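S.K.: I'd like to ask you about the structure that follows.
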Amino acid sequence: MLYSAKVMEHFANPHNVGELKDANGVGEVGNQKCGDIMKMYIKVENGIIEDVSFMTFGCGAAIATSSMATDLIKGKPLEDALKLTNKAVVEALDGLPAVKVHCSVLAEQAIKAAIADYYKRQGIDPTPIVGNLEECEACGHDHDSCSCN
Ligand code: FES
């Protein structure tokens, strides 16, 4: 079997899907290679991610990783959500085929973009906290998780 049972479960029945009407942070990212898009909504209260949801125009692996990623950051402080790596999400899903690992980067980037948007709305410069989210032209990853440099 190419995909783990957990991946199939989250793909068939993704958690936290849809638009969050009262979100106070929204991030949208895309993968330049495949053209897939991910949008992440967070509702932050007192530094805690009270609610989170996502919408994606993406592949099954992107759906499964986003579903798992939203589960992992729900109810957590912003600092913890920022530390969530795509590797940790892939591990929580019992692995992904190597060719699909790049799909899991979308969820990590979308979470960071949503948190950056939240800080911006609070009048706080997100760059020192979230890092530089501008995409690397070569690989489409943000500079912090870019594998090209
Ligand atoms: Fe594009 Fe998976 S193939 S995110």
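Lettering and numbering for the structure tokens are positional, with chains as A, B, ... in the shown order, residues counted from 1 in each chain, and ligands counted from 1 in the shown order.
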Could you give me, as a tab-separated table, every chain A residue with an atom at most 6 Å from ligand 1, plus its closest atom pair and distance in Å to one decimal, counting only C-alpha atoms and all ligand atoms, rows ordered by chain then number?
M.R.:
residue	atom	partner	partner_atom_place_in_ligand_line	distance
A:Cys34	CA	ligand 1	1 (Fe)	4.5
A:Asp36	CA	ligand 1	1 (Fe)	4.7
A:Gly58	CA	ligand 1	4 (S)	5.2
A:Cys59	CA	ligand 1	2 (Fe)	4.5
A:Ala61	CA	ligand 1	2 (Fe)	5.6
A:Ala62	CA	ligand 1	4 (S)	4.9
A:Cys103	CA	ligand 1	4 (S)	3.8
S.K.: Just write the chosen residues, all heavy atoms, as a CSV table (one decimal), in the first residue's frame.
M.R.:
chain,number,residue,atom,x,y,z
A,34,CYS,N,3.3,22.2,-8.8
A,34,CYS,CA,2.1,21.5,-9.2
A,34,CYS,C,0.9,22.4,-9.3
A,34,CYS,O,-0.1,22.0,-9.9
A,34,CYS,CB,1.8,20.4,-8.1
A,34,CYS,SG,1.4,21.1,-6.5
A,36,ASP,N,-0.9,23.7,-7.0
A,36,ASP,CA,-1.9,23.5,-6.0
A,36,ASP,C,-1.9,24.7,-5.0
A,36,ASP,O,-0.9,25.3,-4.8
A,36,ASP,CB,-1.7,22.2,-5.2
A,36,ASP,CG,-2.0,21.0,-6.0
A,36,ASP,OD1,-2.6,21.2,-7.1
A,36,ASP,OD2,-1.7,19.9,-5.6
A,58,GLY,N,-6.0,21.0,-4.0
A,58,GLY,CA,-4.8,20.3,-4.0
A,58,GLY,C,-5.0,18.8,-4.0
A,58,GLY,O,-6.1,18.3,-4.0
A,59,CYS,N,-3.9,18.1,-4.0
A,59,CYS,CA,-3.9,16.6,-4.1
A,59,CYS,C,-4.3,16.0,-2.8
A,59,CYS,O,-4.4,16.6,-1.8
A,59,CYS,CB,-2.6,16.1,-4.6
A,59,CYS,SG,-1.3,16.3,-3.3
A,61,ALA,N,-2.6,14.1,-0.8
A,61,ALA,CA,-1.6,14.2,0.2
A,61,ALA,C,-1.7,15.6,0.9
A,61,ALA,O,-1.5,15.7,2.1
A,61,ALA,CB,-0.2,13.9,-0.3
A,62,ALA,N,-2.0,16.6,0.1
A,62,ALA,CA,-2.1,17.9,0.6
A,62,ALA,C,-3.3,18.0,1.6
A,62,ALA,O,-3.3,18.6,2.6
A,62,ALA,CB,-2.3,19.0,-0.5
A,103,CYS,N,4.2,18.0,-0.8
A,103,CYS,CA,2.8,18.4,-0.6
A,103,CYS,C,2.5,18.8,0.8
A,103,CYS,O,1.7,19.7,1.1
A,103,CYS,CB,1.8,17.3,-1.0
A,103,CYS,SG,2.2,16.5,-2.6
S.K.: DSSP on the backbone: what in stretch 5-98 of chain A comes out alpha helix (DSSP H), as number ranges by chain?
M.R.: A: 5-12, 60-73, 78-83, 86-92
S.K.: Stretch 38-47 of chain A: which residues within 6 Å, counting only C-alpha atoms, same-chain residues fewer than 4 positions away excluded, as number ranges by chain?
M.R.: A: 20, 23-29, 51-56, 77-78, 110
S.K.: Create the file for the chosen residues now, containing N, CA, C and O atoms and written as a short mmCIF file (atom, residue, chain, number, x, y, z; two decimals), in the first residue's frame.
M.R.:
data_model
loop_
_atom_site.label_atom_id
_atom_site.label_comp_id
_atom_site.auth_asym_id
_atom_site.auth_seq_id
_atom_site.Cartn_x
_atom_site.Cartn_y
_atom_site.Cartn_z
N LEU A 20 -13.52 29.67 7.79
CA LEU A 20 -13.83 30.05 9.17
C LEU A 20 -14.29 31.51 9.14
O LEU A 20 -13.50 32.41 8.88
N ALA A 23 -12.54 34.14 11.44
CA ALA A 23 -11.08 34.02 11.51
C ALA A 23 -10.45 35.41 11.66
O ALA A 23 -10.95 36.38 11.10
N ASN A 24 -9.36 35.48 12.42
CA ASN A 24 -8.62 36.75 12.48
C ASN A 24 -7.20 36.60 11.92
O ASN A 24 -6.35 37.45 12.10
N GLY A 25 -7.00 35.50 11.19
CA GLY A 25 -5.76 35.32 10.44
C GLY A 25 -6.04 34.39 9.26
O GLY A 25 -6.63 33.33 9.46
N VAL A 26 -5.66 34.81 8.07
CA VAL A 26 -5.89 33.97 6.88
C VAL A 26 -4.61 33.94 6.05
O VAL A 26 -4.01 34.99 5.80
N GLY A 27 -4.21 32.75 5.66
CA GLY A 27 -3.00 32.65 4.84
C GLY A 27 -3.27 31.81 3.61
O GLY A 27 -3.98 30.80 3.68
N GLU A 28 -2.73 32.25 2.49
CA GLU A 28 -2.89 31.45 1.28
C GLU A 28 -1.52 31.22 0.66
O GLU A 28 -0.73 32.16 0.51
N VAL A 29 -1.23 29.99 0.34
CA VAL A 29 0.05 29.67 -0.30
C VAL A 29 -0.18 28.73 -1.47
O VAL A 29 -1.21 28.08 -1.56
N ASP A 51 -9.55 28.13 17.02
CA ASP A 51 -10.17 27.38 15.94
C ASP A 51 -9.33 27.52 14.67
O ASP A 51 -8.61 28.51 14.51
N VAL A 52 -9.43 26.53 13.82
CA VAL A 52 -8.63 26.54 12.59
C VAL A 52 -9.38 25.75 11.52
O VAL A 52 -10.08 24.78 11.82
N SER A 53 -9.27 26.19 10.28
CA SER A 53 -9.84 25.41 9.19
C SER A 53 -9.01 25.65 7.93
O SER A 53 -8.21 26.59 7.87
N PHE A 54 -9.21 24.80 6.94
CA PHE A 54 -8.46 24.97 5.70
C PHE A 54 -9.33 24.64 4.49
O PHE A 54 -10.34 23.94 4.59
N MET A 55 -8.93 25.19 3.37
CA MET A 55 -9.53 24.82 2.09
C MET A 55 -8.39 24.64 1.12
O MET A 55 -7.43 25.41 1.13
N THR A 56 -8.48 23.62 0.31
CA THR A 56 -7.39 23.43 -0.64
C THR A 56 -7.87 23.00 -2.00
O THR A 56 -8.88 22.31 -2.13
N PRO A 77 -0.86 27.15 21.65
CA PRO A 77 -0.35 28.53 21.55
C PRO A 77 0.29 28.76 20.18
O PRO A 77 0.77 27.82 19.55
N LEU A 78 0.31 30.03 19.76
CA LEU A 78 0.90 30.38 18.47
C LEU A 78 2.34 29.89 18.35
O LEU A 78 2.75 29.43 17.29
N ALA A 110 1.14 27.40 4.95
CA ALA A 110 -0.16 28.08 5.09
C ALA A 110 -0.40 28.48 6.54
O ALA A 110 -0.94 29.55 6.81
#
S.K.: Taking into account only C-alpha atoms, which residue in the set A:Leu82, A:Leu2, A:Ala12, A:Ile73 is nearest to A:Lys100?
M.R.: A:Leu2
S.K.: Run DSSP on the backbone and give me the residues of stretch 10-132 of chain A it puts in strand (DSSP E or B), as a list of chain:residue names.
M.R.: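 The residues of stretch 10-132 of chain A classed as strand (DSSP E or B) are A:Val17, A:Gly25, A:Val26, A:Gly27, A:Glu28, A:Val29, A:Gly30, A:Ile37, A:Met38, A:Lys39, A:Met40, A:Tyr41, A:Ile42, A:Lys43, A:Val44, A:Glu45, A:Ile48, A:Ile49, A:Glu50, A:Asp51, A:Val52, A:Ser53, A:Phe54, A:Met55, A:Thr56, A:Phe57, A:Pro77.
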S.K.: Just to confirm, what's the straight-line distance from atom CA of A:Pro126 to atom CA of A:Pro14 in Å (one decimal)?
M.R.: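 Between atom CA of A:Pro126 and atom CA of A:Pro14 the gap works out to 29.3 Å.
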S.K.: Report, in Å to a single decimal, how far apart atom CA of A:Ile37 and atom CA of A:Leu106 are.
M.R.: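 One can read the atom CA of A:Leu106 to atom CA of A:Ile37 distance as 7.9 Å.
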S.K.: Tell me which of A:Gly30, A:Gly95, A:Gly75, A:Gly35 sits closest to A:Glu50, counting only C-alpha atoms.
M.R.: A:Gly75
S.K.: In Å, rounded to a single decimal, give me how far atom CA of A:Ala88 is from atom CA of A:Val101.
M.R.: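 So the two atoms, atom CA of A:Val101 and atom CA of A:Ala88, lie 11.4 Å apart.
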S.K.: So, counting only C-alpha atoms, which residue among A:Lys120, A:Lys112, A:His10, A:Lys33 is closest to A:Thr65?
M.R.: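 Result for the nearest residue to A:Thr65: A:His10.
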S.K.: Using only C-alpha atoms, find the one residue out of A:Ala5, A:Ile115, A:Ile63, A:Leu93 that sits nearest to A:Ala81.
M.R.: A:Ile115
S.K.: From the set A:Ser104, A:Gln32, A:Ser66, A:Thr127, which residue has the shortest atom-to-atom contact distance to A:Asn13, counting only C-alpha atoms?
M.R.: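 For A:Asn13, the nearest of the candidates is A:Ser66.
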S.K.: I need the residue nearest A:Phe57 from this list: A:Ser4, A:Asn132, A:Asn31, A:Thr70. Use only C-alpha atoms for the distance.
M.R.: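 Of all the options, A:Asn31 lies closest to A:Phe57.
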